[in-house]
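Here's data.pdb, which has PDB, C-alpha atoms and all ligand atoms:
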```pdb
ATOM      1  CA  MET E 144      91.788 107.921 155.120
ATOM      2  CA  LYS E 145      90.323 111.016 153.526
ATOM      3  CA  LYS E 146      93.653 112.807 153.914
ATOM      4  CA  GLU E 147      95.486 109.875 152.326
ATOM      5  CA  ASN E 148      93.140 109.920 149.368
ATOM      6  CA  LYS E 149      93.606 113.652 149.021
ATOM      7  CA  SER E 150      97.383 113.389 148.790
ATOM      8  CA  LYS E 151      97.032 110.426 146.418
ATOM      9  CA  MET E 152      95.095 112.675 144.039
ATOM     10  CA  ASN E 153      97.333 115.714 144.540
ATOM     11  CA  LEU E 154      98.282 117.514 141.350
ATOM     12  CA  SER E 155     101.513 119.509 141.518
ATOM     13  CA  GLN E 156     102.023 122.458 139.167
ATOM     14  CA  GLU E 157     104.835 120.481 137.567
ATOM     15  CA  ASP E 158     102.550 117.517 136.805
ATOM     16  CA  PHE E 159      99.841 119.841 135.506
ATOM     17  CA  GLY E 160     102.450 121.412 133.211
ATOM     18  CA  LEU E 161     103.370 117.940 131.928
ATOM     19  CA  VAL E 162      99.740 117.128 131.126
ATOM     20  CA  GLN E 163      99.403 120.488 129.353
ATOM     21  CA  SER E 164     102.488 119.940 127.220
ATOM     22  CA  MET E 165     101.654 116.289 126.380
ATOM     23  CA  LEU E 166      98.148 117.231 125.260
ATOM     24  CA  SER E 167      99.430 120.137 123.222
ATOM     25  CA  GLN E 168     102.278 118.255 121.539
ATOM     26  CA  ARG E 169     100.564 114.929 120.926
ATOM     27  CA  VAL E 170      97.003 115.949 120.061
ATOM     28  CA  GLY E 171      97.120 119.723 119.692
ATOM     29  CA  ILE E 172      94.640 120.349 122.516
ATOM     30  CA  SER E 173      95.396 123.472 124.506
ATOM     31  CA  LEU E 174      94.536 123.147 128.204
ATOM     32  CA  ALA E 175      94.418 126.568 129.868
ATOM     33  CA  SER E 176      95.977 127.330 133.241
ATOM     34  CA  GLY E 177      93.308 127.198 135.907
ATOM     35  CA  LYS E 178      92.008 123.842 134.593
ATOM     36  CA  GLU E 179      93.826 121.869 137.288
ATOM     37  CA  TYR E 180      90.457 120.858 138.806
ATOM     38  CA  LEU E 181      89.457 119.312 135.479
ATOM     39  CA  VAL E 182      92.613 117.201 135.310
ATOM     40  CA  VAL E 183      92.111 116.023 138.916
ATOM     41  CA  ASN E 184      88.415 115.232 138.399
ATOM     42  CA  ARG E 185      88.829 113.414 135.105
ATOM     43  CA  LEU E 186      92.073 111.541 135.788
ATOM     44  CA  SER E 187      91.430 110.472 139.390
ATOM     45  CA  PRO E 188      89.121 107.568 138.429
ATOM     46  CA  LEU E 189      91.874 106.252 136.141
ATOM     47  CA  VAL E 190      94.360 106.075 139.045
ATOM     48  CA  ASP E 191      92.415 103.154 140.501
ATOM     49  CA  THR E 192      91.384 101.628 137.190
ATOM     50  CA  PHE E 193      95.019 101.351 136.135
ATOM     51  CA  ASN E 194      96.284 100.482 139.657
ATOM     52  CA  PHE E 195      98.505 103.470 140.218
ATOM     53  CA  ASP E 196      99.492 104.633 143.716
ATOM     54  CA  SER E 197      98.839 108.254 142.875
ATOM     55  CA  LEU E 198      97.957 110.763 140.200
ATOM     56  CA  HIS E 199     101.642 111.629 140.094
ATOM     57  CA  GLY E 200     102.482 107.989 139.219
ATOM     58  CA  LEU E 201      99.872 107.977 136.457
ATOM     59  CA  ILE E 202     101.216 111.198 134.938
ATOM     60  CA  GLN E 203     104.822 109.935 135.052
ATOM     61  CA  THR E 204     103.793 106.762 133.172
ATOM     62  CA  LEU E 205     101.911 108.852 130.653
ATOM     63  CA  TYR E 206     105.011 110.946 130.126
ATOM     64  CA  SER E 207     107.151 107.850 129.549
ATOM     65  CA  GLY E 208     104.879 107.122 126.571
ATOM     66  CA  ASN E 209     104.912 103.379 127.324
ATOM     67  CA  ASN E 210     101.228 102.818 127.981
ATOM     68  CA  VAL E 211      99.152 103.419 124.867
ATOM     69  CA  ARG E 212      95.904 102.251 126.461
ATOM     70  CA  LEU E 213      96.320 104.683 129.341
ATOM     71  CA  TRP E 214      97.081 107.541 126.929
ATOM     72  CA  ASP E 215      93.936 106.705 124.931
ATOM     73  CA  GLU E 216      91.825 106.831 128.084
ATOM     74  CA  VAL E 217      93.366 110.125 129.191
ATOM     75  CA  VAL E 218      92.724 111.772 125.824
ATOM     76  CA  ASP E 219      89.221 110.387 125.853
ATOM     77  CA  VAL E 220      88.375 111.862 129.266
ATOM     78  CA  LEU E 221      90.084 115.215 128.679
ATOM     79  CA  ALA E 222      88.723 115.943 125.179
ATOM     80  CA  VAL E 223      85.304 117.547 124.727
ATOM     81  CA  HIS E 224      83.017 115.220 122.731
ATOM     82  CA  GLU E 225      79.810 117.265 122.746
ATOM     83  CA  THR E 226      77.925 116.822 119.482
ATOM     84  CA  PHE E 227      74.426 116.331 118.119
ATOM     85  CA  PHE E 228      72.558 115.655 114.893
ATOM     86  CA  PHE E 229      72.264 118.607 112.465
ATOM     87  CA  ARG E 230      74.148 120.765 114.966
ATOM     88  CA  ASP E 231      73.422 124.501 114.593
ATOM     89  CA  GLN E 232      70.915 123.920 111.745
ATOM     90  CA  ALA E 233      72.071 126.800 109.464
ATOM     91  CA  PRO E 234      75.228 125.045 108.182
ATOM     92  CA  PHE E 235      73.156 121.928 107.456
ATOM     93  CA  GLN E 236      70.510 123.958 105.591
ATOM     94  CA  GLN E 237      73.308 125.485 103.541
ATOM     95  CA  LEU E 238      74.745 122.022 103.008
ATOM     96  CA  GLU E 239      71.389 120.640 101.902
ATOM     97  CA  ARG E 240      70.411 123.466  99.566
ATOM     98  CA  GLU E 241      73.699 124.734  98.219
ATOM     99  CA  ILE E 242      76.826 122.703  98.907
ATOM    100  CA  LEU E 243      75.659 119.118  98.389
ATOM    101  CA  PRO E 244      73.619 119.779  95.233
ATOM    102  CA  ALA E 245      76.697 121.477  93.722
ATOM    103  CA  ILE E 246      78.992 118.609  94.748
ATOM    104  CA  CYS E 247      76.557 115.956  93.458
ATOM    105  CA  ASN E 248      76.285 117.808  90.169
ATOM    106  CA  GLU E 249      80.054 118.090  89.777
ATOM    107  CA  SER E 250      80.621 114.448  90.601
ATOM    108  CA  GLU E 251      77.911 113.262  88.205
ATOM    109  CA  LYS E 252      79.380 115.340  85.391
ATOM    110  CA  ALA E 253      82.857 114.008  86.078
ATOM    111  CA  GLY E 254      81.555 110.475  86.738
ATOM    112  CA  ARG E 255      83.469 110.134  89.973
ATOM    113  CA  GLU E 256      82.869 109.295  93.643
ATOM    114  CA  ILE E 257      81.969 111.905  96.253
ATOM    115  CA  ARG E 258      84.349 111.995  99.199
ATOM    116  CA  ILE E 259      83.562 113.683 102.463
ATOM    117  CA  TRP E 260      85.530 113.935 105.720
ATOM    118  CA  SER E 261      84.030 114.622 109.134
ATOM    119  CA  ALA E 262      87.186 115.413 111.130
ATOM    120  CA  GLY E 263      86.756 115.296 114.903
ATOM    121  CA  ALA E 264      83.617 113.246 114.348
ATOM    122  CA  SER E 265      83.045 112.325 118.003
ATOM    123  CA  THR E 266      80.156 109.849 118.354
ATOM    124  CA  GLY E 267      79.164 110.162 114.710
ATOM    125  CA  GLN E 268      76.126 112.419 114.651
ATOM    126  CA  GLU E 269      77.754 114.866 112.199
ATOM    127  CA  ALA E 270      78.758 112.185 109.674
ATOM    128  CA  TYR E 271      75.333 110.501 109.871
ATOM    129  CA  SER E 272      73.580 113.870 109.436
ATOM    130  CA  ILE E 273      75.538 114.375 106.206
ATOM    131  CA  ALA E 274      74.717 110.819 105.090
ATOM    132  CA  MET E 275      70.992 111.466 105.676
ATOM    133  CA  LEU E 276      71.098 114.606 103.541
ATOM    134  CA  ILE E 277      72.810 112.791 100.674
ATOM    135  CA  SER E 278      70.218 110.005 100.868
ATOM    136  CA  GLU E 279      67.544 112.655 100.459
ATOM    137  CA  ILE E 280      69.158 114.857  97.817
ATOM    138  CA  ALA E 281      70.703 112.180  95.619
ATOM    139  CA  PRO E 282      69.632 108.679  96.667
ATOM    140  CA  HIS E 283      71.051 107.296  93.407
ATOM    141  CA  LEU E 284      74.517 108.521  94.471
ATOM    142  CA  CYS E 285      74.565 106.908  97.938
ATOM    143  CA  LYS E 286      76.613 103.962  96.752
ATOM    144  CA  ARG E 287      79.144 106.323  95.233
ATOM    145  CA  VAL E 288      79.688 108.376  98.369
ATOM    146  CA  GLN E 289      82.510 107.739 100.779
ATOM    147  CA  ILE E 290      82.246 109.524 104.115
ATOM    148  CA  ILE E 291      85.155 109.255 106.528
ATOM    149  CA  GLY E 292      84.604 110.077 110.192
ATOM    150  CA  SER E 293      87.830 110.467 112.168
ATOM    151  CA  ASP E 294      88.652 111.148 115.773
ATOM    152  CA  VAL E 295      91.532 110.756 118.202
ATOM    153  CA  SER E 296      89.382 108.833 120.689
ATOM    154  CA  SER E 297      88.742 105.116 120.092
ATOM    155  CA  LYS E 298      85.795 105.149 122.475
ATOM    156  CA  VAL E 299      83.754 107.720 120.608
ATOM    157  CA  LEU E 300      84.571 106.056 117.290
ATOM    158  CA  GLN E 301      83.376 102.702 118.582
ATOM    159  CA  SER E 302      80.105 104.246 119.540
ATOM    160  CA  ALA E 303      79.893 106.027 116.176
ATOM    161  CA  ALA E 304      80.417 102.714 114.386
ATOM    162  CA  ASP E 305      77.754 101.016 116.556
ATOM    163  CA  GLY E 306      75.397 103.841 115.615
ATOM    164  CA  VAL E 307      73.246 103.373 118.716
ATOM    165  CA  TYR E 308      71.770 106.540 120.229
ATOM    166  CA  ARG E 309      69.649 107.077 123.291
ATOM    167  CA  LYS E 310      66.244 108.716 123.012
ATOM    168  CA  PHE E 311      67.550 112.028 124.235
ATOM    169  CA  GLU E 312      70.358 111.965 121.660
ATOM    170  CA  VAL E 313      68.034 111.439 118.710
ATOM    171  CA  SER E 314      65.627 113.998 120.111
ATOM    172  CA  ARG E 315      68.453 116.542 119.699
ATOM    173  CA  GLY E 316      68.115 117.244 115.993
ATOM    174  CA  VAL E 317      66.409 114.244 114.366
ATOM    175  CA  SER E 318      62.851 114.867 113.106
ATOM    176  CA  GLN E 319      60.192 112.157 113.482
ATOM    177  CA  ASP E 320      60.269 111.635 109.731
ATOM    178  CA  ARG E 321      64.054 111.019 109.726
ATOM    179  CA  LEU E 322      63.804 108.840 112.820
ATOM    180  CA  ASP E 323      61.345 106.601 110.949
ATOM    181  CA  ARG E 324      63.457 106.516 107.807
ATOM    182  CA  TYR E 325      66.973 106.091 109.115
ATOM    183  CA  PHE E 326      66.751 104.443 112.562
ATOM    184  CA  GLU E 327      65.387 101.232 114.021
ATOM    185  CA  PRO E 328      64.517 100.487 117.656
ATOM    186  CA  HIS E 329      67.378  98.850 119.541
ATOM    187  CA  ASP E 330      67.166  97.821 123.235
ATOM    188  CA  GLY E 331      65.216 100.904 124.283
ATOM    189  CA  ALA E 332      67.420 103.120 122.105
ATOM    190  CA  TRP E 333      67.699 103.769 118.351
ATOM    191  CA  ARG E 334      70.183 102.325 115.923
ATOM    192  CA  VAL E 335      71.140 103.908 112.606
ATOM    193  CA  LYS E 336      70.045 101.563 109.827
ATOM    194  CA  GLN E 337      72.711  99.543 108.091
ATOM    195  CA  SER E 338      72.259 101.303 104.749
ATOM    196  CA  LEU E 339      73.311 104.600 106.358
ATOM    197  CA  ARG E 340      76.048 103.028 108.495
ATOM    198  CA  GLU E 341      77.568 101.587 105.340
ATOM    199  CA  MET E 342      78.069 105.065 103.931
ATOM    200  CA  VAL E 343      80.584 105.967 106.662
ATOM    201  CA  GLN E 344      84.021 104.584 107.521
ATOM    202  CA  TRP E 345      85.625 105.402 110.856
ATOM    203  CA  LYS E 346      89.317 106.112 111.294
ATOM    204  CA  LYS E 347      91.294 106.792 114.435
ATOM    205  CA  PHE E 348      94.142 109.278 114.194
ATOM    206  CA  SER E 349      95.177 112.593 115.668
ATOM    207  CA  LEU E 350      94.823 115.660 113.494
ATOM    208  CA  ALA E 351      98.051 116.848 115.113
ATOM    209  CA  GLY E 352      99.926 113.605 114.378
ATOM    210  CA  THR E 353     100.632 111.393 111.386
ATOM    211  CA  TRP E 354      97.660 110.928 109.067
ATOM    212  CA  PRO E 355      96.801 107.783 107.139
ATOM    213  CA  THR E 356      96.581 108.088 103.367
ATOM    214  CA  LEU E 357      93.416 110.025 102.680
ATOM    215  CA  PRO E 358      91.490 110.431  99.416
ATOM    216  CA  SER E 359      90.958 113.795  97.785
ATOM    217  CA  PHE E 360      87.893 115.281  99.479
ATOM    218  CA  ASP E 361      85.036 117.248  97.923
ATOM    219  CA  LEU E 362      83.952 118.383 101.370
ATOM    220  CA  VAL E 363      85.637 118.598 104.770
ATOM    221  CA  PHE E 364      83.668 119.237 107.928
ATOM    222  CA  ILE E 365      85.923 120.214 110.822
ATOM    223  CA  ARG E 366      83.591 121.794 113.310
ATOM    224  CA  ASN E 367      84.106 122.547 116.982
ATOM    225  CA  VAL E 368      87.525 120.902 116.963
ATOM    226  CA  MET E 369      90.036 123.668 116.172
ATOM    227  CA  VAL E 370      88.516 125.782 118.910
ATOM    228  CA  TYR E 371      90.453 123.585 121.384
ATOM    229  CA  PHE E 372      93.771 124.083 119.546
ATOM    230  CA  LYS E 373      96.376 126.843 119.805
ATOM    231  CA  PRO E 374      96.391 129.386 116.929
ATOM    232  CA  GLU E 375      99.625 127.994 115.445
ATOM    233  CA  THR E 376      98.186 124.443 115.515
ATOM    234  CA  ARG E 377      95.038 125.685 113.754
ATOM    235  CA  GLU E 378      97.029 127.376 111.026
ATOM    236  CA  ALA E 379      99.242 124.327 110.493
ATOM    237  CA  LEU E 380      96.158 122.097 110.365
ATOM    238  CA  LEU E 381      94.407 124.233 107.750
ATOM    239  CA  ASN E 382      97.492 123.982 105.575
ATOM    240  CA  ARG E 383      97.531 120.195 105.937
ATOM    241  CA  ILE E 384      93.843 119.905 105.106
ATOM    242  CA  ALA E 385      94.075 121.880 101.839
ATOM    243  CA  PRO E 386      96.246 119.275 100.036
ATOM    244  CA  VAL E 387      93.765 116.484 100.804
ATOM    245  CA  MET E 388      90.955 118.437  99.134
ATOM    246  CA  ARG E 389      90.058 118.720  95.479
ATOM    247  CA  PRO E 390      90.663 122.129  93.929
ATOM    248  CA  GLY E 391      87.382 123.951  94.546
ATOM    249  CA  GLY E 392      86.558 121.600  97.454
ATOM    250  CA  ARG E 393      84.489 122.998 100.335
ATOM    251  CA  LEU E 394      85.524 123.341 103.956
ATOM    252  CA  VAL E 395      83.029 123.861 106.787
ATOM    253  CA  VAL E 396      84.215 124.958 110.234
ATOM    254  CA  GLY E 397      82.339 125.672 113.466
ATOM    255  CA  SER E 398      80.517 128.964 113.945
ATOM    256  CA  ALA E 399      83.088 130.070 116.553
ATOM    257  CA  GLU E 400      86.044 129.140 114.343
ATOM    258  CA  SER E 401      86.808 131.987 111.953
ATOM    259  CA  LEU E 402      89.888 131.474 109.775
ATOM    260  CA  MET E 403      90.442 135.206 109.482
ATOM    261  CA  SER E 404      93.707 135.516 111.396
ATOM    262  CA  TYR E 405      95.509 132.676 109.607
ATOM    263  CA  GLN E 406      97.441 132.194 106.383
ATOM    264  CA  HIS E 407      95.665 129.530 104.319
ATOM    265  CA  PRO E 408      94.548 128.798 100.774
ATOM    266  CA  PHE E 409      90.782 129.079 101.384
ATOM    267  CA  GLN E 410      88.230 131.675 100.320
ATOM    268  CA  LEU E 411      85.233 132.581 102.419
ATOM    269  CA  VAL E 412      81.704 132.139 101.021
ATOM    270  CA  SER E 413      78.728 133.530 102.975
ATOM    271  CA  SER E 414      75.167 132.520 102.180
ATOM    272  CA  MET E 415      71.970 131.439 103.909
ATOM    273  CA  ASN E 416      73.085 132.702 107.353
ATOM    274  CA  ALA E 417      76.124 130.462 107.311
ATOM    275  CA  THR E 418      79.626 130.383 105.899
ATOM    276  CA  TYR E 419      81.936 127.899 104.292
ATOM    277  CA  TYR E 420      85.297 128.074 102.550
ATOM    278  CA  THR E 421      86.431 126.907  99.151
ATOM    279  CA  ARG E 422      89.906 125.673  98.365
ATOM    280  CA  SER E 423      91.386 127.813  95.657
ATOM    281  CA  ASN E 424      92.108 126.071  92.342
ATOM    282  CA  GLY E 425      95.667 125.089  91.654
TER     283      GLY E 425
HETATM  284  C1  LIG E 501      83.341 118.873 120.368
HETATM  285  S1  LIG E 501      83.560 117.443 119.401
HETATM  286  C2  LIG E 501      82.907 118.014 117.873
HETATM  287  C3  LIG E 501      82.108 116.961 117.168
HETATM  288  C4  LIG E 501      81.467 117.414 115.846
HETATM  289  N1  LIG E 501      82.470 117.802 114.900
HETATM  290  C5  LIG E 501      80.481 118.532 116.077
HETATM  291  O1  LIG E 501      80.777 119.684 115.733
HETATM  292  O2  LIG E 501      79.407 118.278 116.607
HETATM  293  C6  LIG E 501      85.313 117.484 119.123
HETATM  294  C7  LIG E 501      85.921 116.122 118.776
HETATM  295  O3  LIG E 501      87.246 116.346 118.282
HETATM  296  C8  LIG E 501      88.070 115.306 118.763
HETATM  297  N2  LIG E 501      89.481 115.754 118.742
HETATM  298  C9  LIG E 501      90.100 116.603 119.588
HETATM  299  N3  LIG E 501      91.395 116.706 119.280
HETATM  300  C10 LIG E 501      91.603 115.900 118.212
HETATM  301  C11 LIG E 501      92.745 115.572 117.430
HETATM  302  N4  LIG E 501      93.934 116.099 117.688
HETATM  303  N5  LIG E 501      92.602 114.701 116.419
HETATM  304  C12 LIG E 501      91.397 114.160 116.135
HETATM  305  N6  LIG E 501      90.278 114.424 116.837
HETATM  306  C13 LIG E 501      90.379 115.293 117.861
HETATM  307  C14 LIG E 501      87.558 115.024 120.160
HETATM  308  O4  LIG E 501      87.916 113.714 120.599
HETATM  309  C15 LIG E 501      86.056 115.221 119.997
HETATM  310  O5  LIG E 501      85.391 114.006 119.801
END
```

Could you write out this file's structure as structure tokens?
Ligand SMILES: C[S@@+](CC[C@H](N)C(=O)[O-])C[C@H]1O[C@@H](n2cnc3c(N)ncnc32)[C@H](O)[C@@H]1O
Amino acid sequence: MKKENKSKMNLSQEDFGLVQSMLSQRVGISLASGKEYLVVNRLSPLVDTFNFDSLHGLIQTLYSGNNVRLWDEVVDVLAVHETFFFRDQAPFQQLEREILPAICNESEKAGREIRIWSAGASTGQEAYSIAMLISEIAPHLCKRVQIIGSDVSSKVLQSAADGVYRKFEVSRGVSQDRLDRYFEPHDGAWRVKQSLREMVQWKKFSLAGTWPTLPSFDLVFIRNVMVYFKPETREALLNRIAPVMRPGGRLVVGSAESLMSYQHPFQLVSSMNATYYTRSNG
């Protein structure tokens, strides 16, 4: 029985190669050689859930492209969704003291909405952290702010939209004061209050695929996402992001995601122990 199960979950090098190329082509994620164990561990439970005879059968169906639900599940289990509120602190301090005040000022002068994109938003903590800061810096502008949180995984987006976080999740980054202001108790967990939830819209699409029509953003957060992409995918992505930003718009990437080796229309700004980029005018 054990032996049977082992062969059922066998992963040939050919099948591993297929998973690598599907992930790379369809969602841009680069899965290094040596990660065979990860594919076996994460995909094996789906073999039974979707009634396949073997891992090989599951991968063949994936390759045929005929089962969208299966593909969604596979991307969901293979992508890294780690996130938390006010992640890394320094970029959020810079956001609070420098970037958002400047954006609020510009938008007030021009009498227009503020548009922000959290790309690769995972379960929503990043987008809600930004929403909290705006509520604090410019409460009068909250109704004129549109934050879009996007991800390739429907599961994480559903949980972002629900806005329900366990105690340990809020304890990672949310102060007691912010917990009192922005959350309410919900079945032993905490739910983001409606006023904050209403500031964010959630959209499912792959950064490596076709994008929906997007507004012109004042600020794009794309943190801890490109790190999973190949260099050429990162460069292409940066050059797709620039046109959906206002001239002078700000771009924030993860601390391990320097843009130094790529051709792109952004200029680096360093301040307050953090960095961001501005889109050049014109
Ligand atoms: C590690 S999380 C980062 C979350 C948040 N930005 C942060 O820094 O805390 C990366 C997220 O990017 C998403 N992602 C990966 N590839 C993607 C793609 N091609 N298109 C859209 N989202 C993607 C994953 O599903 C995951 O939820």

Do you know which residues lie at most 10 Å from (77.9, 104.1, 107.8), with coordinates as in the file and all atoms listed in the file counted, and could you write them as a ChimeraX atom specification? /E:267,270-271,274,289-292,303-306,335-345

What's the 9 Å shell around region 412-418 of chain E, counting only C-alpha atoms, without same-chain residues fewer than 5 positions away, as a list in words? Ala233, Pro234, Gln236, Gln237, Glu241, Val395, Val396 and Ser398 of chain E

Would you output that residue set with C-alpha atoms, as a compact mmCIF listing (two decimals), in the coordinates of the input?
```
# COMPACT_ATOMS: atom_id res chain seq x y z
CA ALA E 233 72.07 126.80 109.46
CA PRO E 234 75.23 125.04 108.18
CA GLN E 236 70.51 123.96 105.59
CA GLN E 237 73.31 125.48 103.54
CA GLU E 241 73.70 124.73 98.22
CA VAL E 395 83.03 123.86 106.79
CA VAL E 396 84.22 124.96 110.23
CA SER E 398 80.52 128.96 113.94
```

Counting all atoms listed in the file, what is within 9 Å of region 188-203 of chain E, bar same-chain residues fewer than 3 positions away, as a list of chain:residue names? E:Asn148, E:Ser150, E:Lys151, E:Met152, E:Asn153, E:Leu154, E:Ser155, E:Asp158, E:Phe159, E:Leu161, E:Val162, E:Val183, E:Asn184, E:Arg185, E:Tyr206, E:Ser207, E:Gly208, E:Leu213, E:Glu216, E:Val217

Padding 5 Å on every side, please: axis-aligned box over the listed atoms of ligand LIG 501 (chain E), centre and edge lengths to one decimal in Å, as AutoDock Vina command-line options.
```
--center_x 86.7 --center_y 116.7 --center_z 117.7 --size_x 24.5 --size_y 16.0 --size_z 15.7
```

Contacts with ligand LIG 501 (chain E) at most 8 Å, only C-alpha atoms and all ligand atoms counted, listed as a PDB file with C-alpha atoms, in the frame of the given file:
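Ended up saving to result-v8.pdb:
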```
ATOM      1  CA  ARG E 169     100.564 114.929 120.926  1.00  0.00           C
ATOM      2  CA  VAL E 170      97.003 115.949 120.061  1.00  0.00           C
ATOM      3  CA  GLY E 171      97.120 119.723 119.692  1.00  0.00           C
ATOM      4  CA  ILE E 172      94.640 120.349 122.516  1.00  0.00           C
ATOM      5  CA  VAL E 218      92.724 111.772 125.824  1.00  0.00           C
ATOM      6  CA  ASP E 219      89.221 110.387 125.853  1.00  0.00           C
ATOM      7  CA  ALA E 222      88.723 115.943 125.179  1.00  0.00           C
ATOM      8  CA  VAL E 223      85.304 117.547 124.727  1.00  0.00           C
ATOM      9  CA  HIS E 224      83.017 115.220 122.731  1.00  0.00           C
ATOM     10  CA  GLU E 225      79.810 117.265 122.746  1.00  0.00           C
ATOM     11  CA  THR E 226      77.925 116.822 119.482  1.00  0.00           C
ATOM     12  CA  PHE E 227      74.426 116.331 118.119  1.00  0.00           C
ATOM     13  CA  PHE E 228      72.558 115.655 114.893  1.00  0.00           C
ATOM     14  CA  ARG E 230      74.148 120.765 114.966  1.00  0.00           C
ATOM     15  CA  SER E 261      84.030 114.622 109.134  1.00  0.00           C
ATOM     16  CA  ALA E 262      87.186 115.413 111.130  1.00  0.00           C
ATOM     17  CA  GLY E 263      86.756 115.296 114.903  1.00  0.00           C
ATOM     18  CA  ALA E 264      83.617 113.246 114.348  1.00  0.00           C
ATOM     19  CA  SER E 265      83.045 112.325 118.003  1.00  0.00           C
ATOM     20  CA  THR E 266      80.156 109.849 118.354  1.00  0.00           C
ATOM     21  CA  GLY E 267      79.164 110.162 114.710  1.00  0.00           C
ATOM     22  CA  GLN E 268      76.126 112.419 114.651  1.00  0.00           C
ATOM     23  CA  GLU E 269      77.754 114.866 112.199  1.00  0.00           C
ATOM     24  CA  SER E 293      87.830 110.467 112.168  1.00  0.00           C
ATOM     25  CA  ASP E 294      88.652 111.148 115.773  1.00  0.00           C
ATOM     26  CA  VAL E 295      91.532 110.756 118.202  1.00  0.00           C
ATOM     27  CA  SER E 296      89.382 108.833 120.689  1.00  0.00           C
ATOM     28  CA  VAL E 299      83.754 107.720 120.608  1.00  0.00           C
ATOM     29  CA  LYS E 347      91.294 106.792 114.435  1.00  0.00           C
ATOM     30  CA  PHE E 348      94.142 109.278 114.194  1.00  0.00           C
ATOM     31  CA  SER E 349      95.177 112.593 115.668  1.00  0.00           C
ATOM     32  CA  LEU E 350      94.823 115.660 113.494  1.00  0.00           C
ATOM     33  CA  ALA E 351      98.051 116.848 115.113  1.00  0.00           C
ATOM     34  CA  GLY E 352      99.926 113.605 114.378  1.00  0.00           C
ATOM     35  CA  PHE E 364      83.668 119.237 107.928  1.00  0.00           C
ATOM     36  CA  ILE E 365      85.923 120.214 110.822  1.00  0.00           C
ATOM     37  CA  ARG E 366      83.591 121.794 113.310  1.00  0.00           C
ATOM     38  CA  ASN E 367      84.106 122.547 116.982  1.00  0.00           C
ATOM     39  CA  VAL E 368      87.525 120.902 116.963  1.00  0.00           C
ATOM     40  CA  MET E 369      90.036 123.668 116.172  1.00  0.00           C
ATOM     41  CA  TYR E 371      90.453 123.585 121.384  1.00  0.00           C
ATOM     42  CA  PHE E 372      93.771 124.083 119.546  1.00  0.00           C
ATOM     43  CA  GLY E 397      82.339 125.672 113.466  1.00  0.00           C
TER      44      GLY E 397
END
```

Pairwise distance, CA of Asn209 (chain E) with CA of Leu166 (chain E), equals 15.6 Å

Distance of CA of Tyr419 (chain E) from CA of Leu362 (chain E), expressed in Å to one decimal place: 10.2 Å

Output region 317-340 of chain E from the block with C-alpha atoms, as an mmCIF file, in the first residue's frame?
```
data_model
loop_
_atom_site.group_PDB
_atom_site.id
_atom_site.type_symbol
_atom_site.label_atom_id
_atom_site.label_comp_id
_atom_site.auth_asym_id
_atom_site.auth_seq_id
_atom_site.Cartn_x
_atom_site.Cartn_y
_atom_site.Cartn_z
ATOM 1 C CA VAL E 317 -0.802 46.161 14.610
ATOM 2 C CA SER E 318 -0.466 48.330 17.744
ATOM 3 C CA GLN E 319 -3.141 48.182 20.461
ATOM 4 C CA ASP E 320 -4.250 51.669 19.484
ATOM 5 C CA ARG E 321 -4.775 50.658 15.823
ATOM 6 C CA LEU E 322 -6.440 47.410 16.854
ATOM 7 C CA ASP E 323 -9.002 49.440 18.823
ATOM 8 C CA ARG E 324 -9.538 51.920 16.013
ATOM 9 C CA TYR E 325 -9.671 49.748 12.928
ATOM 10 C CA PHE E 326 -10.755 46.241 14.008
ATOM 11 C CA GLU E 327 -13.723 44.663 15.741
ATOM 12 C CA PRO E 328 -13.900 41.276 17.481
ATOM 13 C CA HIS E 329 -15.152 38.518 15.192
ATOM 14 C CA ASP E 330 -15.585 34.870 16.312
ATOM 15 C CA GLY E 331 -12.420 34.832 18.405
ATOM 16 C CA ALA E 332 -10.530 36.735 15.700
ATOM 17 C CA TRP E 333 -10.479 40.363 14.507
ATOM 18 C CA ARG E 334 -12.235 41.855 11.533
ATOM 19 C CA VAL E 335 -11.178 45.050 9.772
ATOM 20 C CA LYS E 336 -13.960 47.600 10.199
ATOM 21 C CA GLN E 337 -16.170 48.293 7.227
ATOM 22 C CA SER E 338 -14.974 51.881 6.823
ATOM 23 C CA LEU E 339 -11.440 50.612 6.136
ATOM 24 C CA ARG E 340 -12.591 47.653 4.028
#
```
